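Peer 1: Hey, dropping coords_4.csv in here, CSV, C-alpha atoms:
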chain,number,residue,atom,x,y,z
A,1,MET,CA,-28.3,15.7,27.8
A,2,MET,CA,-30.6,13.3,26.0
A,3,LEU,CA,-34.2,14.4,25.7
A,4,PRO,CA,-37.2,12.2,26.3
A,5,ILE,CA,-38.6,10.6,23.2
A,6,LEU,CA,-42.2,10.3,22.2
A,7,THR,CA,-42.8,7.5,19.6
A,8,TYR,CA,-46.0,7.4,17.7
A,9,PHE,CA,-47.5,7.3,14.2
A,10,SER,CA,-47.0,10.5,12.1
A,11,GLN,CA,-50.4,12.0,13.0
A,12,ARG,CA,-52.3,13.4,15.9
A,13,GLY,CA,-54.3,10.4,17.2
A,14,ARG,CA,-53.7,9.1,20.7
A,15,ALA,CA,-50.5,11.1,21.1
A,16,GLU,CA,-52.0,14.5,20.7
A,17,LEU,CA,-53.0,15.1,24.3
A,18,ILE,CA,-49.4,14.2,25.3
A,19,ARG,CA,-48.1,16.8,22.9
A,20,LEU,CA,-50.5,19.4,24.3
A,21,VAL,CA,-49.3,18.7,27.8
A,22,CYS,CA,-45.7,18.9,26.6
A,23,ALA,CA,-46.4,22.2,24.8
A,24,ASP,CA,-48.2,23.9,27.7
A,25,ALA,CA,-45.7,22.7,30.3
A,26,ASP,CA,-42.7,23.5,28.0
A,27,ILE,CA,-41.4,19.9,28.2
A,28,ALA,CA,-38.6,19.5,25.7
A,29,HIS,CA,-38.6,16.2,23.9
A,30,GLU,CA,-38.0,14.5,20.6
A,31,GLU,CA,-40.5,12.7,18.4
A,32,LYS,CA,-39.9,9.4,16.5
A,33,GLY,CA,-42.5,9.0,13.8
A,34,LEU,CA,-43.6,5.6,12.5
A,35,GLY,CA,-45.5,6.7,9.4
A,36,LEU,CA,-49.2,7.0,8.9
A,37,TYR,CA,-51.4,4.6,10.9
A,38,HIS,CA,-53.5,2.0,9.3
A,39,PRO,CA,-55.9,-0.1,11.4
A,40,VAL,CA,-54.9,-3.4,9.6
A,41,ASP,CA,-51.6,-2.9,7.9
A,42,LYS,CA,-49.2,-1.3,10.3
A,43,THR,CA,-46.2,0.5,9.1
A,44,PRO,CA,-42.8,-1.2,8.6
A,45,ALA,CA,-41.3,1.1,11.2
A,46,PHE,CA,-44.0,0.0,13.7
A,47,ASP,CA,-43.4,-3.7,12.9
A,48,ALA,CA,-39.7,-3.2,13.4
A,49,LEU,CA,-40.1,-1.5,16.7
A,50,LYS,CA,-42.6,-4.1,17.9
A,51,ALA,CA,-40.1,-6.8,17.0
A,52,THR,CA,-37.6,-5.4,19.4
A,53,GLY,CA,-39.8,-6.2,22.4
A,54,SER,CA,-39.6,-2.6,23.7
A,55,LEU,CA,-43.3,-1.9,23.6
A,56,PRO,CA,-44.9,-3.0,26.9
A,57,PHE,CA,-48.3,-3.7,25.2
A,58,ASP,CA,-47.2,-4.0,21.5
A,59,ALA,CA,-48.7,-0.6,20.9
A,60,VAL,CA,-47.8,3.1,20.8
A,61,PRO,CA,-47.5,5.9,21.9
A,62,LEU,CA,-44.4,5.1,23.8
A,63,TRP,CA,-42.6,7.6,26.1
A,64,GLU,CA,-38.9,7.0,26.9
A,65,GLU,CA,-36.7,9.0,29.3
A,66,ALA,CA,-32.9,9.3,29.3
A,67,ASP,CA,-32.4,6.9,32.3
A,68,GLY,CA,-34.3,4.1,30.5
A,69,PHE,CA,-37.7,4.7,32.0
A,70,ARG,CA,-40.3,3.6,29.5
A,71,LEU,CA,-44.0,4.1,29.6
A,72,ALA,CA,-46.9,3.1,27.3
A,73,GLN,CA,-50.7,3.8,27.3
A,74,SER,CA,-51.5,7.4,26.2
A,75,ASN,CA,-53.4,8.5,29.4
A,76,ALA,CA,-50.7,7.0,31.6
A,77,ILE,CA,-48.1,9.1,29.8
A,78,VAL,CA,-50.4,12.2,30.1
A,79,ARG,CA,-50.7,11.6,33.9
A,80,HIS,CA,-47.0,11.0,34.4
A,81,LEU,CA,-46.1,14.2,32.6
A,82,ALA,CA,-48.8,16.2,34.4
A,83,ARG,CA,-47.7,14.8,37.8
A,84,THR,CA,-44.1,15.8,37.2
A,85,HIS,CA,-44.7,19.2,35.6
A,86,ASP,CA,-47.4,20.8,37.7
A,87,ARG,CA,-50.4,20.0,35.6
A,88,TYR,CA,-52.2,17.7,38.0
A,89,GLY,CA,-54.0,20.1,40.3
A,90,HIS,CA,-52.9,20.6,43.9
A,91,GLY,CA,-53.6,17.8,46.3
A,92,ALA,CA,-55.2,14.4,46.0
A,93,ARG,CA,-58.8,15.7,45.6
A,94,GLU,CA,-57.9,18.0,42.7
A,95,ALA,CA,-55.9,15.2,41.1
A,96,ALA,CA,-59.0,13.0,41.4
A,97,ARG,CA,-61.1,15.6,39.8
A,98,CYS,CA,-58.6,15.9,36.9
A,99,ASP,CA,-58.9,12.1,36.5
A,100,MET,CA,-62.7,12.4,36.5
A,101,ILE,CA,-62.6,15.0,33.7
A,102,LEU,CA,-60.3,13.0,31.6
A,103,GLU,CA,-62.4,9.9,31.8
A,104,SER,CA,-65.5,11.8,30.9
A,105,VAL,CA,-63.7,13.4,27.9
A,106,GLU,CA,-62.8,9.9,26.9
A,107,GLU,CA,-66.4,8.8,27.0
A,108,THR,CA,-67.4,11.7,24.8
A,109,ARG,CA,-64.6,10.8,22.4
A,110,LEU,CA,-65.9,7.3,22.2
A,111,GLU,CA,-69.3,8.6,21.3
A,112,LEU,CA,-67.7,10.5,18.4
A,113,ARG,CA,-65.8,7.4,17.3
A,114,LYS,CA,-69.1,5.6,16.7
A,115,ILE,CA,-69.1,7.4,13.4
A,116,VAL,CA,-66.1,5.4,12.2
A,117,ILE,CA,-67.8,2.0,12.8
A,118,THR,CA,-71.3,3.0,11.6
A,119,GLU,CA,-72.3,2.0,8.1
A,120,VAL,CA,-72.2,4.8,5.7
A,121,ALA,CA,-76.0,4.9,5.1
A,122,LYS,CA,-76.6,5.5,8.8
A,123,ARG,CA,-73.9,8.1,9.5
A,124,ALA,CA,-76.1,11.2,8.8
A,125,GLU,CA,-78.6,9.9,11.3
A,126,LEU,CA,-75.9,9.3,13.9
A,127,ARG,CA,-74.4,12.7,13.3
A,128,GLY,CA,-77.8,14.3,13.9
A,129,GLU,CA,-78.2,12.4,17.2
A,130,LEU,CA,-74.7,13.4,18.3
A,131,ALA,CA,-75.2,17.1,17.4
A,132,GLY,CA,-78.7,17.3,18.9
A,133,VAL,CA,-78.5,15.1,21.9
A,134,THR,CA,-75.3,13.3,22.9
A,135,ILE,CA,-72.7,16.0,22.6
A,136,PRO,CA,-74.9,18.8,24.1
A,137,ARG,CA,-75.6,16.5,27.0
A,138,TRP,CA,-71.9,16.0,27.7
A,139,LEU,CA,-71.0,19.6,27.1
A,140,ALA,CA,-73.7,20.7,29.6
A,141,ARG,CA,-72.1,18.5,32.2
A,142,PHE,CA,-68.7,20.0,31.6
A,143,GLU,CA,-70.2,23.5,31.7
A,144,ARG,CA,-71.7,22.9,35.1
A,145,LEU,CA,-68.4,21.6,36.5
A,146,LEU,CA,-66.6,24.6,35.0
A,147,VAL,CA,-69.0,27.1,36.6
A,148,ALA,CA,-69.2,25.3,39.9
A,149,GLY,CA,-65.5,24.4,40.3
A,150,GLY,CA,-63.2,26.7,38.3
A,151,ALA,CA,-64.9,29.4,36.3
A,152,GLY,CA,-63.7,32.1,38.6
A,153,ALA,CA,-60.0,31.1,38.0
A,154,GLY,CA,-60.7,30.1,34.4
A,155,PHE,CA,-59.8,26.4,34.8
A,156,ILE,CA,-61.9,23.3,35.2
A,157,VAL,CA,-60.1,22.2,38.4
A,158,GLY,CA,-58.6,24.5,41.0
A,159,GLU,CA,-56.6,27.7,40.4
A,160,GLY,CA,-54.2,26.5,37.7
A,161,ALA,CA,-54.1,24.8,34.3
A,162,SER,CA,-54.1,21.0,34.4
A,163,PHE,CA,-54.2,18.2,31.9
A,164,ALA,CA,-58.0,18.2,32.4
A,165,ASP,CA,-58.1,21.7,30.8
A,166,LEU,CA,-56.0,20.4,27.9
A,167,ALA,CA,-58.2,17.4,27.4
A,168,LEU,CA,-61.2,19.7,27.2
A,169,PHE,CA,-59.5,21.9,24.8
A,170,LEU,CA,-58.6,18.9,22.5
A,171,LEU,CA,-62.2,17.8,22.7
A,172,TYR,CA,-63.2,21.3,21.6
A,173,GLU,CA,-60.8,21.2,18.6
A,174,ASN,CA,-62.1,17.8,17.5
A,175,LEU,CA,-65.7,18.8,17.7
A,176,ARG,CA,-65.1,22.1,15.9
A,177,ASP,CA,-63.0,20.4,13.1
A,178,ASN,CA,-65.6,17.7,12.6
A,179,GLY,CA,-68.6,20.0,12.2
A,180,PHE,CA,-69.9,20.1,15.7
A,181,ALA,CA,-68.9,23.6,16.8
A,182,ALA,CA,-72.6,24.7,17.2
A,183,THR,CA,-72.9,22.4,20.1
A,184,TYR,CA,-71.0,25.0,22.2
A,185,ALA,CA,-73.7,27.6,21.6
A,186,SER,CA,-75.4,26.8,24.9
A,187,CYS,CA,-72.1,26.5,26.9
A,188,PRO,CA,-70.6,30.0,26.9
A,189,HIS,CA,-68.2,29.3,29.8
A,190,LEU,CA,-66.9,26.2,28.1
A,191,ALA,CA,-66.4,28.1,24.8
A,192,ALA,CA,-64.6,30.9,26.6
A,193,HIS,CA,-62.4,28.3,28.3
A,194,ALA,CA,-61.3,27.0,24.9
A,195,GLU,CA,-60.4,30.5,23.8
A,196,ARG,CA,-58.4,31.1,27.0
A,197,MET,CA,-56.5,27.8,26.5
A,198,ALA,CA,-55.7,28.6,22.9
A,199,ALA,CA,-54.2,31.9,24.0
A,200,ARG,CA,-51.8,30.4,26.5
A,201,PRO,CA,-48.4,31.4,25.0
A,202,ASP,CA,-46.6,28.1,25.0
A,203,LEU,CA,-49.7,26.2,23.8
A,204,ALA,CA,-50.4,28.9,21.2
A,205,ARG,CA,-47.0,28.4,19.7
A,206,TYR,CA,-47.5,24.7,19.3
A,207,LEU,CA,-51.0,25.2,17.8
A,208,ALA,CA,-49.6,27.6,15.2
A,209,SER,CA,-46.5,25.5,14.5
A,210,PRO,CA,-46.2,24.2,10.9
A,211,ALA,CA,-44.8,21.0,12.5
A,212,ARG,CA,-48.1,20.1,14.0
A,213,PHE,CA,-49.7,17.2,12.3
A,214,PRO,CA,-52.8,18.0,10.2
A,215,ILE,CA,-56.4,17.7,11.4
A,216,GLN,CA,-57.8,14.1,11.4
A,217,LEU,CA,-61.4,14.2,10.3
A,218,LEU,CA,-64.0,11.6,11.0
A,219,PRO,CA,-65.7,10.1,8.0
A,220,ALA,CA,-68.7,12.1,6.6
Would you mind writing the structure in this file as structure tokens?
Peer 2:
Amino acid sequence: MMLPILTYFSQRGRAELIRLVCADADIAHEEKGLGLYHPVDKTPAFDALKATGSLPFDAVPLWEEADGFRLAQSNAIVRHLARTHDRYGHGAREAARCDMILESVEETRLELRKIVITEVAKRAELRGELAGVTIPRWLARFERLLVAGGAGAGFIVGEGASFADLALFLLYENLRDNGFAATYASCPHLAAHAERMAARPDLARYLASPARFPIQLLPA
């Protein structure tokens, strides 16, 4: 039986949440690496794949299943896998809340990405604003939602793990690895949530795997 194939550059990037969902839900798949991403000069492997016309939007990640089903756009892939592997809450309202969390994590991620496009001389000032104002504001919102909607069960939505929990965990990793761990000091439930997610057996195996791609750091 052929396994689904995840095609992406040989790094975490936009495919990492997909990998976390696959790990937590024990979704067997293969990976096809395209080399290290560069914003201007794409890899020969990517150019060759693009030339085949198999990329719906001339971009990766790409998810392909054995029957020929092909899906692009990272969050569409995440939602597809979550929907088919019990990681999308239970019922339409929980699913909608999962979507809400993911979109909000994306907004937070975009705030972090401003570091990349900010001139070097102004990055320290931006980092200070992110650490002191922007990130704590977003984390406080997630903390309130966790307490109000899922703290008793330990999840951000409903009674079971969803892709929203995994998106929050990936945000935690990115903040911690890029020097913003202290922003969790005033969000104890959110910090505890990250610890619980990291301890989930299937996810923990992936996190500890030497096959996982290295941390990607934002510029200093």
Peer 1: What is the distance between CA of Pro188 (chain A) and CA of Asp26 (chain A), in Å to one decimal?
Peer 2: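 Computing it gives 28.7 Å between the two atoms.
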Peer 1: I need the residue nearest Ser162 (chain A) from this list: A:Leu34, A:Leu62, A:Leu139, A:Val78. Use only C-alpha atoms for the distance.
Peer 2: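 Closest to Ser162 (chain A) of all the choices is A:Val78.
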Peer 1: Rank nothing, just name the residue among A:Val147, A:Leu55, A:Ala76, A:Val60 nearest to Lys42 (chain A), using all atoms listed in the file.
Peer 2: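 With all atoms listed in the file as the atom set, the closest residue is A:Val60.
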Peer 1: So the first atom is CA of Asp24 (chain A) and the second is CA of Ala198 (chain A); what is the distance between them in Å, to one decimal place?
Peer 2: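 Interatomic distance, CA of Asp24 (chain A) to CA of Ala198 (chain A): 10.1 Å.
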Peer 1: List the neighbours of Glu64 (chain A) out to 7 Å using all atoms listed in the file; skip same-chain residues closer than 2 positions along the sequence, and give me the result as a PDB file with C-alpha atoms, keeping the file's coordinate frame.
Peer 2:
ATOM      1  CA  PRO A   4     -37.200  12.200  26.300  1.00  0.00           C
ATOM      2  CA  ILE A   5     -38.600  10.600  23.200  1.00  0.00           C
ATOM      3  CA  LEU A   6     -42.200  10.300  22.200  1.00  0.00           C
ATOM      4  CA  LEU A  62     -44.400   5.100  23.800  1.00  0.00           C
ATOM      5  CA  ALA A  66     -32.900   9.300  29.300  1.00  0.00           C
ATOM      6  CA  GLY A  68     -34.300   4.100  30.500  1.00  0.00           C
ATOM      7  CA  PHE A  69     -37.700   4.700  32.000  1.00  0.00           C
ATOM      8  CA  ARG A  70     -40.300   3.600  29.500  1.00  0.00           C
ATOM      9  CA  LEU A  71     -44.000   4.100  29.600  1.00  0.00           C
TER      10      LEU A  71
END
Peer 1: Will you model N, CA and C atoms for region 1-14 of chain A and pass it back as a PDB file, in the coordinates of the input?
Peer 2:
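Once written, out16.pdb looks like this:
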ATOM      1  N   MET A   1     -27.228  16.348  27.071  1.00  0.00           N
ATOM      2  CA  MET A   1     -28.300  15.700  27.800  1.00  0.00           C
ATOM      3  C   MET A   1     -29.344  15.145  26.811  1.00  0.00           C
ATOM      4  N   MET A   2     -29.635  13.870  26.928  1.00  0.00           N
ATOM      5  CA  MET A   2     -30.600  13.300  26.000  1.00  0.00           C
ATOM      6  C   MET A   2     -32.029  13.702  26.430  1.00  0.00           C
ATOM      7  N   LEU A   3     -32.834  14.028  25.431  1.00  0.00           N
ATOM      8  CA  LEU A   3     -34.200  14.400  25.700  1.00  0.00           C
ATOM      9  C   LEU A   3     -35.119  13.177  25.711  1.00  0.00           C
ATOM     10  N   PRO A   4     -36.235  13.247  26.412  1.00  0.00           N
ATOM     11  CA  PRO A   4     -37.200  12.200  26.300  1.00  0.00           C
ATOM     12  C   PRO A   4     -37.692  12.031  24.865  1.00  0.00           C
ATOM     13  N   ILE A   5     -38.137  10.827  24.532  1.00  0.00           N
ATOM     14  CA  ILE A   5     -38.600  10.600  23.200  1.00  0.00           C
ATOM     15  C   ILE A   5     -40.033  10.065  23.197  1.00  0.00           C
ATOM     16  N   LEU A   6     -40.860  10.693  22.380  1.00  0.00           N
ATOM     17  CA  LEU A   6     -42.200  10.300  22.200  1.00  0.00           C
ATOM     18  C   LEU A   6     -42.309   9.553  20.828  1.00  0.00           C
ATOM     19  N   THR A   7     -42.684   8.293  20.850  1.00  0.00           N
ATOM     20  CA  THR A   7     -42.800   7.500  19.600  1.00  0.00           C
ATOM     21  C   THR A   7     -44.256   7.252  19.305  1.00  0.00           C
ATOM     22  N   TYR A   8     -44.648   7.596  18.083  1.00  0.00           N
ATOM     23  CA  TYR A   8     -46.000   7.400  17.700  1.00  0.00           C
ATOM     24  C   TYR A   8     -46.093   7.456  16.148  1.00  0.00           C
ATOM     25  N   PHE A   9     -47.271   7.148  15.619  1.00  0.00           N
ATOM     26  CA  PHE A   9     -47.500   7.300  14.200  1.00  0.00           C
ATOM     27  C   PHE A   9     -47.426   8.787  13.823  1.00  0.00           C
ATOM     28  N   SER A  10     -47.207   9.076  12.565  1.00  0.00           N
ATOM     29  CA  SER A  10     -47.000  10.500  12.100  1.00  0.00           C
ATOM     30  C   SER A  10     -48.333  11.170  11.916  1.00  0.00           C
ATOM     31  N   GLN A  11     -49.045  11.350  12.999  1.00  0.00           N
ATOM     32  CA  GLN A  11     -50.400  12.000  13.000  1.00  0.00           C
ATOM     33  C   GLN A  11     -50.736  12.324  14.433  1.00  0.00           C
ATOM     34  N   ARG A  12     -51.887  12.990  14.596  1.00  0.00           N
ATOM     35  CA  ARG A  12     -52.300  13.400  15.900  1.00  0.00           C
ATOM     36  C   ARG A  12     -52.679  12.209  16.806  1.00  0.00           C
ATOM     37  N   GLY A  13     -53.838  11.653  16.556  1.00  0.00           N
ATOM     38  CA  GLY A  13     -54.300  10.400  17.200  1.00  0.00           C
ATOM     39  C   GLY A  13     -54.145  10.442  18.723  1.00  0.00           C
ATOM     40  N   ARG A  14     -53.763   9.308  19.265  1.00  0.00           N
ATOM     41  CA  ARG A  14     -53.700   9.100  20.700  1.00  0.00           C
ATOM     42  C   ARG A  14     -52.531   9.830  21.366  1.00  0.00           C
TER      43      ARG A  14
END
